[in-house]
Protein chains: 2
Amino acid sequence: MTVVLKLGGSVITEKGEPETVDDDALAAAADAVAASDDDLVVVHGGGSFGHHHAAQFGVSTTDGTHDVAGVRAIHGAMKRLNGAVVAALTDRGVPAVPVHPLSAASRDADGSLDLPTDQVRTLLAEEFVPVLHGDLVAHRGEGASVLSGDELVVALAPAVDADRVGVCSTVPGVLDDDGAVVDRIDSFGEVASVLGGSDATDVSGGMAGKIRALLALDSPASVFGPDALDGFLAGATPGTTVVGEGHE
Amino acid sequence: MTVVLKLGGSVITEKGEPETVDDDALAAAADAVAASDDDLVVVHGGGSFGHHHAAQFGVSTTDGTHDVAGVRAIHGAMKRLNGAVVAALTDRGVPAVPVHPLSAASRDADGSLDLPTDQVRTLLAEEFVPVLHGDLVAHRGEGASVLSGDELVVALAPAVDADRVGVCSTVPGVLDDDGAVVDRIDSFGEVASVLGGSDATDVSGGMAGKIRALLALDSPASVFGPDALDGFLAGATPGTTVVGEGHE
């Protein structure tokens with residue numbers, strides 16, 4: 001079983017404190033990953049490591065920078081967080097290997113992402129656990145723009161022929177108007193009202209963008225909170241299950 | 001003018017001292033790069049950062065490891081050296097961006113290297129200076145094996161349509177039997193005797209492997225010592241010029 005697991009940046013960092021890991025939350029997530037027998041690809045977000053630097057330099061997924069100080073600040077912070085995640089995993093016997101997207105990916109002038117994935121497939125085949133992260137990416141005409149963890153999940157799932165996709169964020173799933181978790185989503189129309197409709201700029205972090213992207217995958221996806229990570233990795237489908245039109 | 005420049009690991013590190021940068025040598029090299037107007041791709045070797053870890057874990061370009069402690073030691077050391085090189089360059093106003101080959105490349109079961117290069121081309125087009133380094137690489141059937149700086153140079157030069165290739169090592173060029181620098185090499189046969197012939201295992205570091213690889217390029221290459229780096233980047237052809245059959 002091949003699983004692509006996204007750990008939200010706000011799950012593993014103290015989002016209000018610049019560059020601060022939430023040690024307890026990271027330890028719990030790493031314990032859950034260490035207990036899994038699946039072939040895992042892990043992607044984590046930026047949380048308090050990436051976002052404030054990105055805001056400072058005015059960088060988003062569409063607006064880039066040519067300022068190398070911005071590249072150093074954002075990419076450097078994300079590599080430090082990735083180092084903490086990889087260390088938490090290897091400390092528990094997980095053969096985690098860092099994969100830094102800025103070193104591999106690029107965007108064309110239209111902003112379309114090209115993410116080569118032979119390295120990830122080869123690492124998986126050799127029984128390593130690739131650990132990617134939200135990052136910057138070379139962007140034709142823009143310098144370097146933001147590459148979100150959610151974009152990585154959507155690019156990786158088909159590339160590794162994922163059986164399941166898990167998105168662990170700080171909420172227990174997609175919530176309806178009454179605050180209850182929506183069990184299953186088959187189309188965006190079902191939930192457009194509770195998600196606030198489509199927001200094209202909402203590529204990093206927002207739930208509407210996440211659900212739209214997950215609906216386009218062949219793999220079923222689960223959106224759940226940190227407490228449900230153990231269960232998801234044990235085979236359960238906690239939170240909201242997103243099954244798009246691409247699914248058989 | 002697009003130039004691929006290799007800085008030998010033994011040029012920028014104290015080769016006898018584990019994980020020690022030769023600060024003066026790195027500063028001189030960074031000064032030379034900062035004075036260049038060319039579109040540069042920089043590749044550096046491992047020197048005292050990569051080689052002793054690679055030896056400790058028994059890893060070469062053909063023999064890999066599945067030991068994630070080895071991956072952490074070797075890749076981690078190379079990222080630290082790369083950080084020092086990138087910092088020396090950005091301190092001098094060079095818009096240097098790290099590119100970690102383990103995050104991008106892979107080898108198939110025959111050991112053939114696949115190095116995606118759209119990210120390097122996009123960084124160049126956006127006027128950044130990509131800085132790559134000898135590293136590990138995911139290797140089908142072997143785990144992770146060594147990827148040498150020389151292999152990177154040979155893969156990058158055609159990918160970026162390099163006008164010139166420079167290999168800066170600790171010797172002033174290819175030396176003949178009398179210790180004099182050979183001015184020009186057009187075929188391996190001319191120098192096989194002084195280079196000790198072909199040694200297929202000599203992919204990282206040895207001069208015979210370097211020359212064989214450089215002869216296969218379309219771009220003319222110069223092999224020279226640290227004192228000649230300024231001159232090379234100013235347009236001169238110091239040391240030994242290697243012009244292979246691929247050249248017009």
# chains A, B, ... in the order shown; residues from 1 in each chain; ligands from 1
call {"tool": "select_by_dssp", "arguments": {"residues": "region 18-220 of chain A", "states": "helix (DSSP H, G or I)", "output": "short mmCIF file (atom, residue, chain, number, x, y, z; two decimals) with N, CA, C and O atoms, in the first residue's frame"}}
result
data_model
loop_
_atom_site.label_atom_id
_atom_site.label_comp_id
_atom_site.auth_asym_id
_atom_site.auth_seq_id
_atom_site.Cartn_x
_atom_site.Cartn_y
_atom_site.Cartn_z
N ASP A 23 6.96 20.47 19.41
CA ASP A 23 7.69 19.22 19.62
C ASP A 23 6.76 18.05 19.94
O ASP A 23 6.96 16.93 19.44
N ASP A 24 5.75 18.30 20.77
CA ASP A 24 4.84 17.21 21.14
C ASP A 24 4.04 16.73 19.93
O ASP A 24 3.86 15.52 19.72
N ALA A 25 3.56 17.69 19.15
CA ALA A 25 2.77 17.32 17.97
C ALA A 25 3.63 16.59 16.94
O ALA A 25 3.20 15.60 16.33
N LEU A 26 4.87 17.07 16.75
CA LEU A 26 5.75 16.39 15.80
C LEU A 26 6.10 14.99 16.28
O LEU A 26 6.11 14.03 15.49
N ALA A 27 6.34 14.85 17.59
CA ALA A 27 6.65 13.53 18.14
C ALA A 27 5.48 12.57 17.93
O ALA A 27 5.67 11.40 17.55
N ALA A 28 4.26 13.06 18.17
CA ALA A 28 3.08 12.20 17.99
C ALA A 28 2.93 11.79 16.53
O ALA A 28 2.63 10.62 16.22
N ALA A 29 3.14 12.73 15.62
CA ALA A 29 3.03 12.41 14.19
C ALA A 29 4.11 11.42 13.78
O ALA A 29 3.85 10.47 13.03
N ALA A 30 5.32 11.63 14.28
CA ALA A 30 6.43 10.74 13.92
C ALA A 30 6.19 9.34 14.49
O ALA A 30 6.51 8.33 13.84
N ASP A 31 5.63 9.26 15.70
CA ASP A 31 5.27 7.94 16.27
C ASP A 31 4.28 7.21 15.35
O ASP A 31 4.41 6.01 15.11
N ALA A 32 3.29 7.96 14.87
CA ALA A 32 2.27 7.34 14.01
C ALA A 32 2.90 6.85 12.71
O ALA A 32 2.60 5.73 12.24
N VAL A 33 3.77 7.66 12.12
CA VAL A 33 4.43 7.25 10.87
C VAL A 33 5.31 6.02 11.12
O VAL A 33 5.33 5.08 10.32
N ALA A 34 6.01 6.02 12.26
CA ALA A 34 6.92 4.90 12.56
C ALA A 34 6.16 3.59 12.74
O ALA A 34 6.72 2.51 12.51
N GLY A 47 3.95 26.18 8.08
CA GLY A 47 3.61 26.69 9.40
C GLY A 47 4.39 27.95 9.71
O GLY A 47 4.54 28.83 8.86
N SER A 48 4.92 28.02 10.92
CA SER A 48 5.60 29.24 11.35
C SER A 48 7.02 29.36 10.79
O SER A 48 7.71 30.33 11.07
N PHE A 49 7.45 28.39 9.98
CA PHE A 49 8.77 28.49 9.35
C PHE A 49 8.71 29.21 8.00
O PHE A 49 9.56 30.04 7.71
N GLY A 50 7.71 28.86 7.20
CA GLY A 50 7.68 29.42 5.86
C GLY A 50 6.86 30.69 5.72
O GLY A 50 7.26 31.63 5.04
N HIS A 51 5.72 30.72 6.39
CA HIS A 51 4.72 31.72 6.02
C HIS A 51 5.12 33.15 6.33
O HIS A 51 4.88 34.05 5.52
N HIS A 52 5.75 33.39 7.50
CA HIS A 52 6.04 34.80 7.80
C HIS A 52 7.15 35.35 6.91
O HIS A 52 7.12 36.50 6.50
N HIS A 53 8.13 34.46 6.56
CA HIS A 53 9.16 34.91 5.60
C HIS A 53 8.54 35.19 4.23
O HIS A 53 8.89 36.16 3.56
N ALA A 54 7.63 34.31 3.81
CA ALA A 54 6.98 34.50 2.50
C ALA A 54 6.21 35.82 2.48
O ALA A 54 6.26 36.57 1.50
N ALA A 55 5.51 36.10 3.58
CA ALA A 55 4.75 37.35 3.65
C ALA A 55 5.70 38.55 3.63
O ALA A 55 5.46 39.55 2.95
N GLN A 56 6.82 38.43 4.36
CA GLN A 56 7.78 39.53 4.44
C GLN A 56 8.33 39.91 3.06
O GLN A 56 8.52 41.08 2.75
N VAL A 68 17.58 37.33 -3.71
CA VAL A 68 18.18 36.10 -3.20
C VAL A 68 18.12 36.05 -1.67
O VAL A 68 18.15 34.96 -1.08
N ALA A 69 18.02 37.21 -1.03
CA ALA A 69 17.84 37.21 0.44
C ALA A 69 16.51 36.57 0.81
O ALA A 69 16.41 35.85 1.82
N GLY A 70 15.48 36.82 0.00
CA GLY A 70 14.19 36.18 0.23
C GLY A 70 14.26 34.68 0.01
O GLY A 70 13.68 33.90 0.78
N VAL A 71 14.97 34.29 -1.03
CA VAL A 71 15.14 32.85 -1.30
C VAL A 71 15.84 32.19 -0.12
O VAL A 71 15.41 31.13 0.37
N ARG A 72 16.91 32.81 0.35
CA ARG A 72 17.64 32.23 1.49
C ARG A 72 16.76 32.12 2.72
O ARG A 72 16.79 31.12 3.44
N ALA A 73 16.00 33.19 3.00
CA ALA A 73 15.19 33.20 4.22
C ALA A 73 14.10 32.13 4.17
O ALA A 73 13.95 31.34 5.11
N ILE A 74 13.37 32.08 3.08
CA ILE A 74 12.22 31.17 2.99
C ILE A 74 12.71 29.72 2.84
O ILE A 74 12.30 28.83 3.59
N HIS A 75 13.59 29.50 1.86
CA HIS A 75 14.07 28.13 1.62
C HIS A 75 14.88 27.64 2.81
O HIS A 75 14.77 26.47 3.21
N GLY A 76 15.69 28.51 3.39
CA GLY A 76 16.49 28.11 4.55
C GLY A 76 15.61 27.70 5.73
O GLY A 76 15.85 26.68 6.38
N ALA A 77 14.57 28.48 5.99
CA ALA A 77 13.66 28.14 7.10
C ALA A 77 12.97 26.82 6.84
O ALA A 77 12.82 25.98 7.74
N MET A 78 12.53 26.61 5.60
CA MET A 78 11.84 25.36 5.29
C MET A 78 12.78 24.16 5.39
O MET A 78 12.37 23.06 5.79
N LYS A 79 14.05 24.36 5.04
CA LYS A 79 15.00 23.25 5.21
C LYS A 79 15.26 22.97 6.68
O LYS A 79 15.46 21.81 7.06
N ARG A 80 15.23 24.01 7.53
CA ARG A 80 15.40 23.75 8.96
C ARG A 80 14.21 22.95 9.50
O ARG A 80 14.40 21.99 10.26
N LEU A 81 12.99 23.32 9.11
CA LEU A 81 11.82 22.55 9.56
C LEU A 81 11.89 21.12 9.02
O LEU A 81 11.62 20.16 9.75
N ASN A 82 12.25 20.99 7.76
CA ASN A 82 12.38 19.65 7.18
C ASN A 82 13.42 18.82 7.93
O ASN A 82 13.22 17.62 8.17
N GLY A 83 14.51 19.47 8.33
CA GLY A 83 15.52 18.76 9.12
C GLY A 83 14.95 18.23 10.43
O GLY A 83 15.27 17.11 10.86
N ALA A 84 14.10 19.03 11.06
CA ALA A 84 13.47 18.60 12.32
C ALA A 84 12.52 17.42 12.08
O ALA A 84 12.48 16.48 12.88
N VAL A 85 11.78 17.47 10.99
CA VAL A 85 10.85 16.38 10.68
C VAL A 85 11.62 15.10 10.35
O VAL A 85 11.31 14.01 10.86
N VAL A 86 12.63 15.23 9.50
CA VAL A 86 13.43 14.05 9.13
C VAL A 86 14.12 13.47 10.37
O VAL A 86 14.15 12.24 10.55
N ALA A 87 14.63 14.33 11.24
CA ALA A 87 15.29 13.84 12.46
C ALA A 87 14.30 13.12 13.38
O ALA A 87 14.62 12.06 13.94
N ALA A 88 13.09 13.67 13.53
CA ALA A 88 12.08 13.02 14.38
C ALA A 88 11.76 11.63 13.82
O ALA A 88 11.54 10.68 14.59
N LEU A 89 11.73 11.51 12.51
CA LEU A 89 11.42 10.22 11.89
C LEU A 89 12.59 9.24 12.01
O LEU A 89 12.41 8.09 12.40
N THR A 90 13.79 9.68 11.67
CA THR A 90 14.92 8.76 11.73
C THR A 90 15.21 8.35 13.17
O THR A 90 15.63 7.21 13.41
N PRO A 101 12.05 20.52 -2.67
CA PRO A 101 11.44 20.78 -3.99
C PRO A 101 12.14 21.86 -4.82
O PRO A 101 12.16 21.75 -6.05
N LEU A 102 12.71 22.89 -4.18
CA LEU A 102 13.40 23.93 -4.96
C LEU A 102 14.52 23.33 -5.81
O LEU A 102 14.87 23.85 -6.86
N SER A 103 15.09 22.22 -5.34
CA SER A 103 16.17 21.56 -6.08
C SER A 103 15.68 20.76 -7.27
O SER A 103 16.51 20.29 -8.07
N ASP A 118 11.00 10.88 -10.60
CA ASP A 118 11.77 9.62 -10.63
C ASP A 118 12.59 9.44 -9.36
O ASP A 118 12.79 8.31 -8.89
N GLN A 119 13.09 10.55 -8.79
CA GLN A 119 13.87 10.44 -7.55
C GLN A 119 13.00 9.92 -6.41
O GLN A 119 13.44 9.07 -5.62
N VAL A 120 11.75 10.40 -6.34
CA VAL A 120 10.83 9.96 -5.28
C VAL A 120 10.47 8.49 -5.49
O VAL A 120 10.48 7.69 -4.54
N ARG A 121 10.19 8.12 -6.73
CA ARG A 121 9.85 6.72 -7.01
C ARG A 121 11.03 5.80 -6.70
O ARG A 121 10.84 4.70 -6.18
N THR A 122 12.23 6.24 -7.03
CA THR A 122 13.41 5.40 -6.76
C THR A 122 13.66 5.29 -5.26
O THR A 122 13.96 4.19 -4.76
N LEU A 123 13.52 6.38 -4.53
CA LEU A 123 13.66 6.32 -3.07
C LEU A 123 12.65 5.34 -2.48
O LEU A 123 12.98 4.51 -1.63
N LEU A 124 11.39 5.43 -2.93
CA LEU A 124 10.35 4.51 -2.44
C LEU A 124 10.70 3.06 -2.76
O LEU A 124 10.56 2.18 -1.90
N ALA A 125 11.13 2.83 -3.99
CA ALA A 125 11.47 1.46 -4.40
C ALA A 125 12.60 0.90 -3.55
O ALA A 125 12.68 -0.30 -3.31
N GLY A 149 2.64 22.76 -0.03
CA GLY A 149 2.56 21.34 0.26
C GLY A 149 1.38 20.67 -0.42
O GLY A 149 1.47 19.53 -0.87
N ASP A 150 0.27 21.40 -0.52
CA ASP A 150 -0.90 20.82 -1.18
C ASP A 150 -0.65 20.56 -2.66
O ASP A 150 -1.08 19.54 -3.20
N GLU A 151 0.05 21.48 -3.32
CA GLU A 151 0.41 21.24 -4.73
C GLU A 151 1.29 20.00 -4.86
O GLU A 151 1.17 19.23 -5.81
N LEU A 152 2.21 19.83 -3.90
CA LEU A 152 3.09 18.66 -3.95
C LEU A 152 2.29 17.37 -3.81
O LEU A 152 2.53 16.39 -4.53
N VAL A 153 1.33 17.36 -2.89
CA VAL A 153 0.50 16.16 -2.69
C VAL A 153 -0.21 15.78 -3.98
O VAL A 153 -0.22 14.61 -4.39
N VAL A 154 -0.77 16.78 -4.65
CA VAL A 154 -1.53 16.52 -5.86
C VAL A 154 -0.63 16.05 -7.00
O VAL A 154 -1.03 15.22 -7.83
N ALA A 155 0.60 16.54 -7.03
CA ALA A 155 1.53 16.10 -8.07
C ALA A 155 2.10 14.72 -7.75
O ALA A 155 2.35 13.91 -8.66
N LEU A 156 2.30 14.43 -6.46
CA LEU A 156 2.95 13.17 -6.09
C LEU A 156 2.01 11.97 -6.15
O LEU A 156 2.44 10.86 -6.50
N ALA A 157 0.76 12.16 -5.75
CA ALA A 157 -0.15 11.01 -5.63
C ALA A 157 -0.23 10.21 -6.92
O ALA A 157 -0.03 8.98 -6.90
N PRO A 158 -0.48 10.84 -8.07
CA PRO A 158 -0.50 10.04 -9.30
C PRO A 158 0.90 9.51 -9.67
O PRO A 158 1.02 8.41 -10.20
N ALA A 159 1.94 10.28 -9.38
CA ALA A 159 3.29 9.88 -9.79
C ALA A 159 3.74 8.61 -9.07
O ALA A 159 4.49 7.81 -9.63
N PHE A 188 -17.47 19.10 -5.95
CA PHE A 188 -17.27 20.37 -5.27
C PHE A 188 -18.61 21.06 -4.99
O PHE A 188 -18.75 21.74 -3.97
N GLY A 189 -19.58 20.85 -5.89
CA GLY A 189 -20.88 21.49 -5.72
C GLY A 189 -21.55 21.18 -4.39
O GLY A 189 -22.20 22.04 -3.79
N GLU A 190 -21.33 19.93 -3.92
CA GLU A 190 -21.94 19.52 -2.64
C GLU A 190 -21.52 20.40 -1.47
O GLU A 190 -22.25 20.53 -0.49
N VAL A 191 -20.29 20.91 -1.55
CA VAL A 191 -19.73 21.60 -0.39
C VAL A 191 -19.34 23.04 -0.68
O VAL A 191 -18.77 23.71 0.18
N ALA A 192 -19.65 23.51 -1.91
CA ALA A 192 -19.22 24.86 -2.28
C ALA A 192 -19.73 25.89 -1.28
O ALA A 192 -19.00 26.81 -0.91
N SER A 193 -20.94 25.72 -0.81
CA SER A 193 -21.51 26.73 0.09
C SER A 193 -20.77 26.77 1.42
O SER A 193 -20.44 27.84 1.92
N VAL A 194 -20.43 25.59 1.98
CA VAL A 194 -19.74 25.62 3.28
C VAL A 194 -18.27 25.99 3.14
O VAL A 194 -17.65 26.47 4.08
N LEU A 195 -17.70 25.78 1.95
CA LEU A 195 -16.28 26.11 1.77
C LEU A 195 -16.10 27.54 1.29
O LEU A 195 -14.97 27.99 1.11
N MET A 207 -9.13 25.46 2.66
CA MET A 207 -9.79 24.17 2.48
C MET A 207 -10.44 24.04 1.10
O MET A 207 -10.43 22.96 0.52
N ALA A 208 -10.96 25.15 0.56
CA ALA A 208 -11.62 25.06 -0.75
C ALA A 208 -10.63 24.57 -1.82
O ALA A 208 -10.94 23.66 -2.60
N GLY A 209 -9.45 25.19 -1.83
CA GLY A 209 -8.43 24.79 -2.80
C GLY A 209 -8.00 23.35 -2.61
O GLY A 209 -7.80 22.61 -3.57
N LYS A 210 -7.83 22.95 -1.34
CA LYS A 210 -7.45 21.56 -1.03
C LYS A 210 -8.47 20.58 -1.62
O LYS A 210 -8.10 19.60 -2.27
N ILE A 211 -9.76 20.84 -1.36
CA ILE A 211 -10.80 19.88 -1.78
C ILE A 211 -10.90 19.81 -3.30
O ILE A 211 -10.98 18.72 -3.88
N ARG A 212 -10.84 20.96 -3.95
CA ARG A 212 -10.84 20.98 -5.42
C ARG A 212 -9.72 20.10 -5.96
O ARG A 212 -9.91 19.32 -6.89
N ALA A 213 -8.53 20.25 -5.40
CA ALA A 213 -7.37 19.52 -5.89
C ALA A 213 -7.52 18.02 -5.60
O ALA A 213 -7.21 17.18 -6.45
N LEU A 214 -8.00 17.69 -4.40
CA LEU A 214 -8.13 16.27 -4.04
C LEU A 214 -9.20 15.59 -4.88
O LEU A 214 -9.10 14.40 -5.18
N LEU A 215 -10.24 16.33 -5.27
CA LEU A 215 -11.30 15.76 -6.12
C LEU A 215 -10.76 15.34 -7.49
O LEU A 215 -11.33 14.47 -8.14
#
call {"tool": "residues_around", "arguments": {"residues": "region 41-45 of chain A", "least_positions_apart": "2", "cutoff": "6 Å", "atoms": "only C-alpha atoms", "output": "mmCIF file with C-alpha atoms, in the first residue's frame"}}
result
data_model
loop_
_atom_site.group_PDB
_atom_site.id
_atom_site.type_symbol
_atom_site.label_atom_id
_atom_site.label_comp_id
_atom_site.auth_asym_id
_atom_site.auth_seq_id
_atom_site.Cartn_x
_atom_site.Cartn_y
_atom_site.Cartn_z
ATOM 1 C CA VAL A 4 0.968 10.072 0.412
ATOM 2 C CA LEU A 5 0.647 11.808 3.774
ATOM 3 C CA LYS A 6 0.496 15.558 4.203
ATOM 4 C CA LEU A 7 1.296 16.946 7.627
ATOM 5 C CA GLY A 8 -0.034 20.480 7.808
ATOM 6 C CA GLY A 9 2.449 23.134 8.813
ATOM 7 C CA VAL A 129 10.588 7.414 3.056
ATOM 8 C CA PRO A 130 10.898 10.622 1.002
ATOM 9 C CA VAL A 131 10.030 13.721 3.028
ATOM 10 C CA LEU A 132 9.122 16.760 0.923
ATOM 11 C CA HIS A 133 7.954 20.177 2.050
ATOM 12 C CA GLY A 134 6.365 23.389 0.971
ATOM 13 C CA GLY A 149 2.564 21.339 0.264
#
call {"tool": "select_by_dssp", "arguments": {"residues": "region 121-188 of chain B", "states": "strand (DSSP E or B)", "output": "list of chain:residue names"}}
result
B:Val129, B:Pro130, B:Val131, B:Leu132, B:His133, B:Asp135, B:Leu136, B:Val137, B:Ala138, B:His139, B:Gly143, B:Ala144, B:Ser145, B:Val146, B:Leu147, B:Arg164, B:Val165, B:Gly166, B:Val167, B:Cys168, B:Leu175, B:Val181, B:Arg184, B:Ile185
call {"tool": "write_last_selection", "arguments": {"atoms": "N, CA and C atoms", "output": "mmCIF file, in the first residue's frame"}}
result
data_model
loop_
_atom_site.group_PDB
_atom_site.id
_atom_site.type_symbol
_atom_site.label_atom_id
_atom_site.label_comp_id
_atom_site.auth_asym_id
_atom_site.auth_seq_id
_atom_site.Cartn_x
_atom_site.Cartn_y
_atom_site.Cartn_z
ATOM 1 N N VAL B 129 22.158 32.074 -9.780
ATOM 2 C CA VAL B 129 23.326 31.220 -10.015
ATOM 3 C C VAL B 129 23.107 29.910 -9.257
ATOM 4 N N PRO B 130 22.692 28.858 -9.961
ATOM 5 C CA PRO B 130 22.479 27.564 -9.290
ATOM 6 C C PRO B 130 23.826 27.006 -8.799
ATOM 7 N N VAL B 131 23.828 26.508 -7.570
ATOM 8 C CA VAL B 131 25.053 25.947 -6.992
ATOM 9 C C VAL B 131 24.765 24.494 -6.589
ATOM 10 N N LEU B 132 25.268 23.570 -7.394
ATOM 11 C CA LEU B 132 25.081 22.142 -7.140
ATOM 12 C C LEU B 132 26.322 21.565 -6.483
ATOM 13 N N HIS B 133 26.233 20.313 -6.077
ATOM 14 C CA HIS B 133 27.371 19.703 -5.368
ATOM 15 C C HIS B 133 27.344 18.187 -5.494
ATOM 16 N N ASP B 135 27.056 14.578 -4.217
ATOM 17 C CA ASP B 135 25.973 14.248 -3.281
ATOM 18 C C ASP B 135 25.742 12.736 -3.347
ATOM 19 N N LEU B 136 24.707 12.300 -2.684
ATOM 20 C CA LEU B 136 24.171 10.960 -2.922
ATOM 21 C C LEU B 136 23.058 11.066 -3.958
ATOM 22 N N VAL B 137 22.662 9.910 -4.484
ATOM 23 C CA VAL B 137 21.560 9.861 -5.437
ATOM 24 C C VAL B 137 20.828 8.538 -5.240
ATOM 25 N N ALA B 138 19.505 8.582 -5.298
ATOM 26 C CA ALA B 138 18.710 7.349 -5.221
ATOM 27 C C ALA B 138 19.076 6.460 -6.403
ATOM 28 N N HIS B 139 19.380 5.193 -6.126
ATOM 29 C CA HIS B 139 19.953 4.297 -7.129
ATOM 30 C C HIS B 139 19.188 2.981 -7.078
ATOM 31 N N GLY B 143 20.062 1.419 -3.275
ATOM 32 C CA GLY B 143 19.773 2.365 -2.203
ATOM 33 C C GLY B 143 20.148 3.768 -2.623
ATOM 34 N N ALA B 144 21.219 4.279 -2.024
ATOM 35 C CA ALA B 144 21.728 5.602 -2.401
ATOM 36 C C ALA B 144 23.219 5.476 -2.654
ATOM 37 N N SER B 145 23.665 5.928 -3.815
ATOM 38 C CA SER B 145 25.081 5.865 -4.176
ATOM 39 C C SER B 145 25.619 7.284 -4.352
ATOM 40 N N VAL B 146 26.927 7.370 -4.568
ATOM 41 C CA VAL B 146 27.572 8.680 -4.723
ATOM 42 C C VAL B 146 27.284 9.243 -6.119
ATOM 43 N N LEU B 147 27.003 10.528 -6.163
ATOM 44 C CA LEU B 147 26.908 11.278 -7.419
ATOM 45 C C LEU B 147 28.040 12.300 -7.383
ATOM 46 N N ARG B 164 31.196 27.321 -22.330
ATOM 47 C CA ARG B 164 32.500 26.922 -21.801
ATOM 48 C C ARG B 164 32.278 26.132 -20.514
ATOM 49 N N VAL B 165 33.233 25.227 -20.262
ATOM 50 C CA VAL B 165 33.234 24.468 -19.015
ATOM 51 C C VAL B 165 34.592 24.680 -18.357
ATOM 52 N N GLY B 166 34.573 24.964 -17.059
ATOM 53 C CA GLY B 166 35.829 25.131 -16.329
ATOM 54 C C GLY B 166 35.896 24.151 -15.176
ATOM 55 N N VAL B 167 37.019 23.448 -15.076
ATOM 56 C CA VAL B 167 37.226 22.517 -13.964
ATOM 57 C C VAL B 167 38.437 23.003 -13.180
ATOM 58 N N CYS B 168 38.153 23.576 -12.020
ATOM 59 C CA CYS B 168 39.212 24.131 -11.180
ATOM 60 C C CYS B 168 39.568 23.101 -10.114
ATOM 61 N N LEU B 175 49.103 17.048 -16.532
ATOM 62 C CA LEU B 175 50.573 17.118 -16.586
ATOM 63 C C LEU B 175 51.142 15.987 -17.442
ATOM 64 N N VAL B 181 52.401 21.237 -18.075
ATOM 65 C CA VAL B 181 50.965 21.230 -18.391
ATOM 66 C C VAL B 181 50.762 20.963 -19.877
ATOM 67 N N ARG B 184 46.659 21.197 -24.818
ATOM 68 C CA ARG B 184 45.391 20.886 -25.482
ATOM 69 C C ARG B 184 45.261 19.374 -25.647
ATOM 70 N N ILE B 185 44.072 18.876 -25.419
ATOM 71 C CA ILE B 185 43.783 17.457 -25.615
ATOM 72 C C ILE B 185 42.572 17.346 -26.537
#
call {"tool": "residues_around", "arguments": {"residues": "Gly141 (chain A)", "least_positions_apart": "5", "cutoff": "12 Å", "atoms": "only C-alpha atoms", "output": "NGL selection string"}}
result
(:A and (62-66 or 106-111)) or (:B and (122-127))
call {"tool": "write_last_selection", "arguments": {"atoms": "C-alpha atoms", "output": "PDB file, in the first residue's frame"}}
result
ATOM      1  CA  THR A  62       1.802  33.362  -8.324  1.00  0.00           C
ATOM      2  CA  ASP A  63       4.043  36.285  -7.309  1.00  0.00           C
ATOM      3  CA  GLY A  64       7.730  35.473  -7.100  1.00  0.00           C
ATOM      4  CA  THR A  65      10.895  37.250  -6.069  1.00  0.00           C
ATOM      5  CA  HIS A  66      14.319  37.772  -7.606  1.00  0.00           C
ATOM      6  CA  SER A 106      10.076  24.519 -11.796  1.00  0.00           C
ATOM      7  CA  ARG A 107       7.129  26.546 -13.053  1.00  0.00           C
ATOM      8  CA  ASP A 108       6.699  27.745 -16.596  1.00  0.00           C
ATOM      9  CA  ALA A 109       5.546  31.263 -17.495  1.00  0.00           C
ATOM     10  CA  ASP A 110       1.918  30.200 -16.976  1.00  0.00           C
ATOM     11  CA  GLY A 111       2.709  29.043 -13.450  1.00  0.00           C
TER      12      GLY A 111
ATOM     13  CA  THR B 122      14.719  28.197 -15.032  1.00  0.00           C
ATOM     14  CA  LEU B 123      16.983  29.474 -12.250  1.00  0.00           C
ATOM     15  CA  LEU B 124      19.514  30.596 -14.900  1.00  0.00           C
ATOM     16  CA  ALA B 125      16.812  32.277 -16.983  1.00  0.00           C
ATOM     17  CA  GLU B 126      15.733  34.162 -13.853  1.00  0.00           C
ATOM     18  CA  GLU B 127      19.351  35.315 -13.333  1.00  0.00           C
TER      19      GLU B 127
END
call {"tool": "atom_distance", "arguments": {"atom1": "CA of Ser10 (chain B)", "atom2": "CA of Gly225 (chain B)"}}
result
11.0 Å
call {"tool": "closest_residue", "arguments": {"among": "B:Ala105, B:Thr2, B:Pro18, B:Gly46", "to": "chain A", "atoms": "only C-alpha atoms"}}
result
B:Ala105
